[in-house]
Amino acid sequence: MTETLPAAPTTQPADAPARTPGRRRRRKLPGGGLLIGAVVPVLLLGLWWLVTEGTDTFSPVQLPAPQTVFSAGVGLFESGDLIDHMTVSLQRVLLGFAAGAGLGLALGSLLGLSSIADALLHPTVGAFRAVPSLAWVPLLLLWVGIDEDSKVILIAIGAFFPVFTAVHSALRHVDAQLVEAGRAFGFHGVRLLGTVQLPAVVPSVFSGLRLGLAQAWLFLVAAELLASSEGLGFLLDESRNNGRTDRLLLAIVLLALLGKLTDTLLGIVERKALKTWA
Amino acid sequence: MILPASTLTEDDVSATGAAAVSSVPISGSSPVARSRPGYTSLDVQLSGVGRSFGDHTVLRDVSLRVAPGEVLAILGSSGCGKSTLLRAVGGLDTGSTGEILIDGSAVQRYDERTAVGFQEPRLLPWRSIYKNVSLGLPRSLSKAEGRERVDELLELVGLKDRAALRPREISGGMAQRASLARALARRPGVLLLDEPFGALDALTRLKMQDLLLDVHAQTGTTVLLVTHDVDEALQLADRVLLLGKNAEDPTAAEGATIARLLDVPGSRPRDRASAELAALRGELFSGLGVDSHTR
Ligand SMILES: Nc1ncnc2c1ncn2[C@@H]1O[C@H](COP(=O)(O)OP(=O)(O)OP(=O)(O)O)[C@@H](O)[C@H]1O
Ligand SMILES: [Mg+2]
C-alpha cells in the first residue's frame, strides 16, 4: 500500500482532547494519604491512654489501658491462641465469601442476561432477600448443626445478596446502544457477553464484591458469637463472660485490622481491573 | 499501486416518486468513482417498504433503487422515520413490510454487507480507539491483515496518533471519526450513516463532511446518509430523498413516504454558495415546511 490516503488534518481546534470534568487530580498531600489517615487513630490512641492513665473515670474492667490490651495480645500470641482464633475466622470468612460471591456472580449473571430466567427466578430470590439473613440461624443450626458448615453457610448467605444484586442490576442496565452496536458489528451470544456486557459491569461487580466482603465479616461475628469454640467472635464472647475487657478490645481491634486488610487487597484487584476495563 | 476504476454503472432508474426528477449519472459530471481494491459497492432496492409500531404507521410505500456507489441523503422532519428506514436497510429492525434487497438478495438480520455509523459514536469506553475500530473487522480476517486494515483506517480518518487513547480522552469529532473508521473496517457494500455529524459544532461538521467525501472517493461504497441538515445533503449527496407526507395528496394515509427525490447537480466537492444549489435548497426547505426566506 503505497498510495497515500488523505488523512484529515489532526490539528483541528475541536480536536483538543476533551478535559474530563471530575477527574481533576487531587492535590498531593505531604507524606501521602497513608500518614494523613493515621492521624486520627493515633490521636484516639493518645486520648485512650490519657483517659486511662491520668484519670480514674473508668475502672480497668470498663476500659483497660492500651498497654494492657497490648500485653493481653502478646500473651495470647505466645500461647498460640491468638493465631488460631485469627486463622479460623479468616478461613471461615474467605470460604463463605468465595461461596456466596461465586453463587451471587453466577445467579446474578443468569438473571441479568436471560429475561426468561429473570421472570422465573427473580421473585423467589427477592423473597429470600427480604428475609433478614440472621433469621436463618435457628434453621441452620437445626439442619446443619453447630459445626463449621453452618457458619460458612451463614457467611455465604451474607455475601451472596450484595454481589447478586450488584451483578444483576448492572447487567440489566448495560447501555442498550452499546449492545446494539455490538450486534450490528456481528457479535452475539458469548462473544457479545465477553466483548460488551461483562466489561460494562466490571465496576459495579467490584463494588458488589466489596459490600459482600464486609457482609461476610459481619456474619462471621454473628455466627461465632452464637455458637463456636474458636475464632475472634468466640474470643469476644468468652472475654465478656470472663470480664477480660482487654481481650475484648483486642478482638475488636483485630477484627478491624483483618477487615481492613481483606478489603484493601480486594481494592488492589479492583484497581487493576478498572484500569483494564473502565 | 494503481487505483482501478470501480464497477459503477450509471443510475438507470428514473424516479417515479411524487416529484418526478430526471435521473442523471452519479456524482454529476464524473460518473465513475474510484474505489480501492477490496472495497465493494452494492445496490439497494426498496419495494413498498413500510413500518408500523402498533397501529401507528411511520413509513409506507417507500420504493427506490440506490445505485452502487451512490450517495443518497435522507432528509425529513424530526420523527418522520429516517432512522427507522435506515435501521430496516441494515437489518437492525426486522419489523418492516415490503422488500429490501441488497445486491439482489434480501436483507439479513444485522446484515454483514452493511455497516452502521450511529448518531452517537457508541464506542466501548474501556477499549482504546484502536481496539474499538478493530471491533468492526470481519471475522474472516487474520490478525495481521486486521492490524494492517485498522492502521490504514486510522490513517484515513487522521487518528493514527490517538490510537492508544480511550474514547473519553478524545474529542467528540474524533470519536465520530473513530466510529466511521469502525464502520468502514468490514468494507461494507452499503454504508449507513444516521446523522453521524449531528452532535458536532459547525466547523467540525464541515471538516467531517470533507472527510466523508474523501472516504467515499477512496472506497466507492454506497452511502445512505440520514441528516437533518439541508446543506449537508446538498454538499454530499448524488440524490436527496425527502421523507414526508405525499406532497400532491395531502389526504393520503398516515405515514411518511417519498415526498421528493432530487438529483443534485455538480461534482463534489461542490461550491457551497452556487445558485443551482440555492434553488434546490429552497425547494427542500419548502418540502420540509420551512420558509427559506428567499426572494
Ligand atoms: N421501537 C419503537 N417503538 C415504537 N415507536 C417507534 C420505535 N422506533 C421509532 N418509533 C416511532 O417512529 C417514528 C419515527 O422514528 P425515527 O427514529 O425513525 O424518526 P427520525 O426521522 O429518525 O427522527 P429524528 O430526526 O428525530 O432522529 C417516531 O414517531 C417514533 O416514535
Ligand atoms: Mg433519527
# chains A, B, ... in the order shown; residues from 1 in each chain; ligands from 1
>>> residues_near_ligand(ligand="ligand 1", cutoff="6 Å", atoms="only C-alpha atoms and all ligand atoms", output="list in words")
Phe53, Val58, Ser78, Gly79, Cys80, Gly81, Lys82, Ser83 and Thr84 of chain B
>>> residues_around(residues="region 228-243 of chain A", least_positions_apart="3", cutoff="6 Å", atoms="only C-alpha atoms", output="list in words")
His85, Val88, Ser89, Val221, Glu224, Leu225, Arg247, Leu248 and Ala251 of chain A
>>> write_last_selection(atoms="N, CA, C and O atoms", output="mmCIF file, in the first residue's frame")
data_model
loop_
_atom_site.group_PDB
_atom_site.id
_atom_site.type_symbol
_atom_site.label_atom_id
_atom_site.label_comp_id
_atom_site.auth_asym_id
_atom_site.auth_seq_id
_atom_site.Cartn_x
_atom_site.Cartn_y
_atom_site.Cartn_z
ATOM 1 N N HIS A 85 -7.255 -18.272 66.649
ATOM 2 C CA HIS A 85 -8.510 -17.544 66.501
ATOM 3 C C HIS A 85 -8.560 -16.802 65.165
ATOM 4 O O HIS A 85 -9.562 -16.818 64.458
ATOM 5 N N VAL A 88 -8.743 -19.243 62.067
ATOM 6 C CA VAL A 88 -10.061 -19.865 61.954
ATOM 7 C C VAL A 88 -11.072 -18.865 61.379
ATOM 8 O O VAL A 88 -11.808 -19.159 60.439
ATOM 9 N N SER A 89 -11.067 -17.643 61.941
ATOM 10 C CA SER A 89 -12.013 -16.633 61.472
ATOM 11 C C SER A 89 -11.773 -16.280 60.004
ATOM 12 O O SER A 89 -12.705 -16.207 59.200
ATOM 13 N N VAL A 221 -18.945 -12.688 62.657
ATOM 14 C CA VAL A 221 -19.045 -12.374 64.082
ATOM 15 C C VAL A 221 -20.371 -12.887 64.632
ATOM 16 O O VAL A 221 -20.423 -13.494 65.718
ATOM 17 N N GLU A 224 -20.104 -16.620 65.074
ATOM 18 C CA GLU A 224 -19.195 -17.039 66.143
ATOM 19 C C GLU A 224 -19.689 -16.626 67.525
ATOM 20 O O GLU A 224 -19.418 -17.300 68.513
ATOM 21 N N LEU A 225 -20.431 -15.532 67.567
ATOM 22 C CA LEU A 225 -20.999 -15.123 68.859
ATOM 23 C C LEU A 225 -22.029 -16.142 69.320
ATOM 24 O O LEU A 225 -22.167 -16.424 70.496
ATOM 25 N N ARG A 247 -9.006 -8.316 76.468
ATOM 26 C CA ARG A 247 -9.070 -9.231 75.316
ATOM 27 C C ARG A 247 -10.215 -8.865 74.386
ATOM 28 O O ARG A 247 -10.113 -9.003 73.164
ATOM 29 N N LEU A 248 -11.316 -8.409 74.992
ATOM 30 C CA LEU A 248 -12.465 -7.997 74.189
ATOM 31 C C LEU A 248 -12.066 -6.871 73.228
ATOM 32 O O LEU A 248 -12.334 -6.914 72.015
ATOM 33 N N ALA A 251 -9.893 -8.160 70.481
ATOM 34 C CA ALA A 251 -10.625 -8.832 69.407
ATOM 35 C C ALA A 251 -11.231 -7.817 68.447
ATOM 36 O O ALA A 251 -11.186 -7.992 67.216
#
>>> select_by_dssp(residues="region 195-256 of chain B", states="strand (DSSP E)", output="number ranges by chain")
B: 222-226, 239-244
>>> closest_residue(among="B:Asp43, B:Glu145, B:Glu99, B:Glu169", to="chain A", atoms="only C-alpha atoms")
B:Glu169
>>> residues_around(residues="region 124-132 of chain A", least_positions_apart="4", cutoff="12 Å", atoms="only C-alpha atoms", output="list in words")
Gly104, Leu107, Gly108, Leu111, Ala117, Asp118, Ala119, Leu120, Trp136, Val137, Leu154, Ile157, Gly158, Ala159, Phe160, Phe161, Pro162, Val163, Phe164, Thr165, His168 and Phe219 of chain A
>>> closest_residue(among="A:Asp263, A:Asp246, A:Asp175, A:Asp147", to="chain B", atoms="only C-alpha atoms")
A:Asp175
>>> closest_residue(among="A:Gly46, A:Pro199, A:Gly102, A:Gly259", to="chain B", atoms="only C-alpha atoms")
A:Pro199
>>> atom_distance(atom1="CA of Val49 (chain B)", atom2="CA of Arg182 (chain B)")
28.2 Å
>>> residues_around(residues="Thr221 (chain B)", least_positions_apart="5", cutoff="7 Å", atoms="only C-alpha atoms", output="list in words")
Tyr39, Thr40, Ser41, Gly69, Gly189, Val190, Leu191 and His216 of chain B
>>> residues_around(residues="Gln177 (chain A)", least_positions_apart="4", cutoff="9 Å", atoms="only C-alpha atoms", output="ChimeraX atom specification")
/A:181-182 /B:120,122
>>> closest_residue(among="A:Lys151, A:Arg210, A:Lys275, A:His122", to="chain B", atoms="only C-alpha atoms")
A:Lys275
>>> interface_residues(of="chain B", to="chain A", cutoff="6 Å", atoms="only C-alpha atoms", output="PDB file with N, CA and C atoms, in the first residue's frame")
ATOM      1  N   TYR B 110     -28.949  -7.916  11.058  1.00  0.00           N
ATOM      2  CA  TYR B 110     -27.617  -7.313  11.206  1.00  0.00           C
ATOM      3  C   TYR B 110     -26.745  -7.649   9.996  1.00  0.00           C
ATOM      4  N   ARG B 122     -20.972   5.646  20.038  1.00  0.00           N
ATOM      5  CA  ARG B 122     -21.152   4.289  20.578  1.00  0.00           C
ATOM      6  C   ARG B 122     -19.849   3.500  20.613  1.00  0.00           C
ATOM      7  N   TRP B 126     -14.115   1.256  27.570  1.00  0.00           N
ATOM      8  CA  TRP B 126     -12.970   0.593  28.203  1.00  0.00           C
ATOM      9  C   TRP B 126     -11.951   0.115  27.177  1.00  0.00           C
ATOM     10  N   GLY B 136     -14.936  -3.590  14.352  1.00  0.00           N
ATOM     11  CA  GLY B 136     -15.692  -3.642  13.107  1.00  0.00           C
ATOM     12  C   GLY B 136     -15.131  -4.610  12.082  1.00  0.00           C
ATOM     13  N   GLU B 155      -5.306   5.960   9.793  1.00  0.00           N
ATOM     14  CA  GLU B 155      -4.614   6.938   8.964  1.00  0.00           C
ATOM     15  C   GLU B 155      -5.631   7.744   8.160  1.00  0.00           C
ATOM     16  N   LEU B 156      -6.582   7.031   7.570  1.00  0.00           N
ATOM     17  CA  LEU B 156      -7.595   7.661   6.723  1.00  0.00           C
ATOM     18  C   LEU B 156      -8.391   8.716   7.485  1.00  0.00           C
ATOM     19  N   VAL B 157      -8.768   8.396   8.719  1.00  0.00           N
ATOM     20  CA  VAL B 157      -9.572   9.353   9.481  1.00  0.00           C
ATOM     21  C   VAL B 157      -8.713  10.250  10.372  1.00  0.00           C
ATOM     22  N   GLY B 158      -7.383  10.132  10.223  1.00  0.00           N
ATOM     23  CA  GLY B 158      -6.492  11.038  10.932  1.00  0.00           C
ATOM     24  C   GLY B 158      -6.425  10.802  12.426  1.00  0.00           C
ATOM     25  N   GLU B 169     -10.902  10.160  26.240  1.00  0.00           N
ATOM     26  CA  GLU B 169      -9.733  11.031  26.146  1.00  0.00           C
ATOM     27  C   GLU B 169      -9.643  11.759  24.809  1.00  0.00           C
ATOM     28  N   ILE B 170     -10.648  11.572  23.944  1.00  0.00           N
ATOM     29  CA  ILE B 170     -10.627  12.268  22.662  1.00  0.00           C
ATOM     30  C   ILE B 170     -11.871  13.143  22.529  1.00  0.00           C
ATOM     31  N   SER B 171     -11.839  14.029  21.556  1.00  0.00           N
ATOM     32  CA  SER B 171     -12.958  14.959  21.381  1.00  0.00           C
ATOM     33  C   SER B 171     -14.127  14.278  20.679  1.00  0.00           C
TER      34      SER B 171
END
>>> decode(residues="region 83-94 of chain A", atoms="all heavy atoms", output="PDB file, in the first residue's frame")
ATOM      1  N   ILE A  83      -3.203 -16.655  67.110  1.00  0.00           N
ATOM      2  CA  ILE A  83      -3.070 -17.045  65.705  1.00  0.00           C
ATOM      3  C   ILE A  83      -4.194 -18.014  65.325  1.00  0.00           C
ATOM      4  O   ILE A  83      -4.785 -17.909  64.249  1.00  0.00           O
ATOM      5  CB  ILE A  83      -1.683 -17.688  65.460  1.00  0.00           C
ATOM      6  CG1 ILE A  83      -0.569 -16.665  65.730  1.00  0.00           C
ATOM      7  CG2 ILE A  83      -1.573 -18.219  64.030  1.00  0.00           C
ATOM      8  CD1 ILE A  83      -0.573 -15.481  64.801  1.00  0.00           C
ATOM      9  N   ASP A  84      -4.498 -18.942  66.251  1.00  0.00           N
ATOM     10  CA  ASP A  84      -5.580 -19.896  65.968  1.00  0.00           C
ATOM     11  C   ASP A  84      -6.899 -19.187  65.720  1.00  0.00           C
ATOM     12  O   ASP A  84      -7.569 -19.428  64.718  1.00  0.00           O
ATOM     13  CB  ASP A  84      -5.756 -20.867  67.145  1.00  0.00           C
ATOM     14  CG  ASP A  84      -4.647 -21.908  67.162  1.00  0.00           C
ATOM     15  OD1 ASP A  84      -3.901 -21.951  66.158  1.00  0.00           O
ATOM     16  OD2 ASP A  84      -4.517 -22.637  68.164  1.00  0.00           O
ATOM     17  N   HIS A  85      -7.255 -18.272  66.649  1.00  0.00           N
ATOM     18  CA  HIS A  85      -8.510 -17.544  66.501  1.00  0.00           C
ATOM     19  C   HIS A  85      -8.560 -16.802  65.165  1.00  0.00           C
ATOM     20  O   HIS A  85      -9.562 -16.818  64.458  1.00  0.00           O
ATOM     21  CB  HIS A  85      -8.690 -16.527  67.641  1.00  0.00           C
ATOM     22  CG  HIS A  85      -9.018 -17.160  68.959  1.00  0.00           C
ATOM     23  ND1 HIS A  85      -9.957 -18.153  69.093  1.00  0.00           N
ATOM     24  CD2 HIS A  85      -8.528 -16.927  70.215  1.00  0.00           C
ATOM     25  CE1 HIS A  85     -10.038 -18.517  70.361  1.00  0.00           C
ATOM     26  NE2 HIS A  85      -9.162 -17.801  71.068  1.00  0.00           N
ATOM     27  N   MET A  86      -7.441 -16.159  64.853  1.00  0.00           N
ATOM     28  CA  MET A  86      -7.429 -15.355  63.627  1.00  0.00           C
ATOM     29  C   MET A  86      -7.522 -16.226  62.389  1.00  0.00           C
ATOM     30  O   MET A  86      -8.275 -15.907  61.462  1.00  0.00           O
ATOM     31  CB  MET A  86      -6.159 -14.490  63.575  1.00  0.00           C
ATOM     32  CG  MET A  86      -6.241 -13.282  64.503  1.00  0.00           C
ATOM     33  SD  MET A  86      -4.677 -12.410  64.674  1.00  0.00           S
ATOM     34  CE  MET A  86      -4.480 -11.715  63.062  1.00  0.00           C
ATOM     35  N   THR A  87      -6.744 -17.314  62.341  1.00  0.00           N
ATOM     36  CA  THR A  87      -6.784 -18.135  61.122  1.00  0.00           C
ATOM     37  C   THR A  87      -8.150 -18.782  60.948  1.00  0.00           C
ATOM     38  O   THR A  87      -8.675 -18.836  59.835  1.00  0.00           O
ATOM     39  CB  THR A  87      -5.701 -19.234  61.117  1.00  0.00           C
ATOM     40  OG1 THR A  87      -5.574 -19.733  62.441  1.00  0.00           O
ATOM     41  CG2 THR A  87      -4.375 -18.709  60.637  1.00  0.00           C
ATOM     42  N   VAL A  88      -8.743 -19.243  62.067  1.00  0.00           N
ATOM     43  CA  VAL A  88     -10.061 -19.865  61.954  1.00  0.00           C
ATOM     44  C   VAL A  88     -11.072 -18.865  61.379  1.00  0.00           C
ATOM     45  O   VAL A  88     -11.808 -19.159  60.439  1.00  0.00           O
ATOM     46  CB  VAL A  88     -10.522 -20.383  63.329  1.00  0.00           C
ATOM     47  CG1 VAL A  88     -12.022 -20.649  63.319  1.00  0.00           C
ATOM     48  CG2 VAL A  88      -9.785 -21.650  63.688  1.00  0.00           C
ATOM     49  N   SER A  89     -11.067 -17.643  61.941  1.00  0.00           N
ATOM     50  CA  SER A  89     -12.013 -16.633  61.472  1.00  0.00           C
ATOM     51  C   SER A  89     -11.773 -16.280  60.004  1.00  0.00           C
ATOM     52  O   SER A  89     -12.705 -16.207  59.200  1.00  0.00           O
ATOM     53  CB  SER A  89     -11.905 -15.366  62.317  1.00  0.00           C
ATOM     54  OG  SER A  89     -12.483 -15.607  63.575  1.00  0.00           O
ATOM     55  N   LEU A  90     -10.493 -16.069  59.690  1.00  0.00           N
ATOM     56  CA  LEU A  90     -10.153 -15.677  58.326  1.00  0.00           C
ATOM     57  C   LEU A  90     -10.578 -16.764  57.345  1.00  0.00           C
ATOM     58  O   LEU A  90     -11.152 -16.488  56.283  1.00  0.00           O
ATOM     59  CB  LEU A  90      -8.647 -15.431  58.231  1.00  0.00           C
ATOM     60  CG  LEU A  90      -8.179 -14.683  56.981  1.00  0.00           C
ATOM     61  CD1 LEU A  90      -8.811 -13.303  56.942  1.00  0.00           C
ATOM     62  CD2 LEU A  90      -6.658 -14.556  56.977  1.00  0.00           C
ATOM     63  N   GLN A  91     -10.320 -18.005  57.737  1.00  0.00           N
ATOM     64  CA  GLN A  91     -10.664 -19.118  56.859  1.00  0.00           C
ATOM     65  C   GLN A  91     -12.173 -19.176  56.620  1.00  0.00           C
ATOM     66  O   GLN A  91     -12.630 -19.336  55.493  1.00  0.00           O
ATOM     67  CB  GLN A  91     -10.183 -20.416  57.505  1.00  0.00           C
ATOM     68  CG  GLN A  91     -10.318 -21.626  56.621  1.00  0.00           C
ATOM     69  CD  GLN A  91      -9.891 -22.879  57.371  1.00  0.00           C
ATOM     70  OE1 GLN A  91      -9.053 -22.816  58.269  1.00  0.00           O
ATOM     71  NE2 GLN A  91     -10.477 -24.006  57.007  1.00  0.00           N
ATOM     72  N   ARG A  92     -12.944 -18.990  57.694  1.00  0.00           N
ATOM     73  CA  ARG A  92     -14.406 -19.011  57.560  1.00  0.00           C
ATOM     74  C   ARG A  92     -14.884 -17.901  56.623  1.00  0.00           C
ATOM     75  O   ARG A  92     -15.718 -18.122  55.744  1.00  0.00           O
ATOM     76  CB  ARG A  92     -15.065 -18.828  58.928  1.00  0.00           C
ATOM     77  CG  ARG A  92     -15.010 -20.073  59.783  1.00  0.00           C
ATOM     78  CD  ARG A  92     -15.469 -19.783  61.192  1.00  0.00           C
ATOM     79  NE  ARG A  92     -15.400 -20.987  62.021  1.00  0.00           N
ATOM     80  CZ  ARG A  92     -15.346 -20.983  63.342  1.00  0.00           C
ATOM     81  NH1 ARG A  92     -15.365 -19.828  64.002  1.00  0.00           N
ATOM     82  NH2 ARG A  92     -15.286 -22.108  64.009  1.00  0.00           N
ATOM     83  N   VAL A  93     -14.327 -16.710  56.843  1.00  0.00           N
ATOM     84  CA  VAL A  93     -14.756 -15.585  56.003  1.00  0.00           C
ATOM     85  C   VAL A  93     -14.424 -15.845  54.535  1.00  0.00           C
ATOM     86  O   VAL A  93     -15.254 -15.660  53.650  1.00  0.00           O
ATOM     87  CB  VAL A  93     -14.094 -14.279  56.478  1.00  0.00           C
ATOM     88  CG1 VAL A  93     -14.153 -13.219  55.391  1.00  0.00           C
ATOM     89  CG2 VAL A  93     -14.785 -13.774  57.716  1.00  0.00           C
ATOM     90  N   LEU A  94     -13.194 -16.309  54.292  1.00  0.00           N
ATOM     91  CA  LEU A  94     -12.790 -16.490  52.904  1.00  0.00           C
ATOM     92  C   LEU A  94     -13.620 -17.579  52.233  1.00  0.00           C
ATOM     93  O   LEU A  94     -14.072 -17.415  51.092  1.00  0.00           O
ATOM     94  CB  LEU A  94     -11.295 -16.821  52.806  1.00  0.00           C
ATOM     95  CG  LEU A  94     -10.385 -15.652  53.230  1.00  0.00           C
ATOM     96  CD1 LEU A  94      -8.917 -16.017  53.034  1.00  0.00           C
ATOM     97  CD2 LEU A  94     -10.732 -14.379  52.467  1.00  0.00           C
TER      98      LEU A  94
END
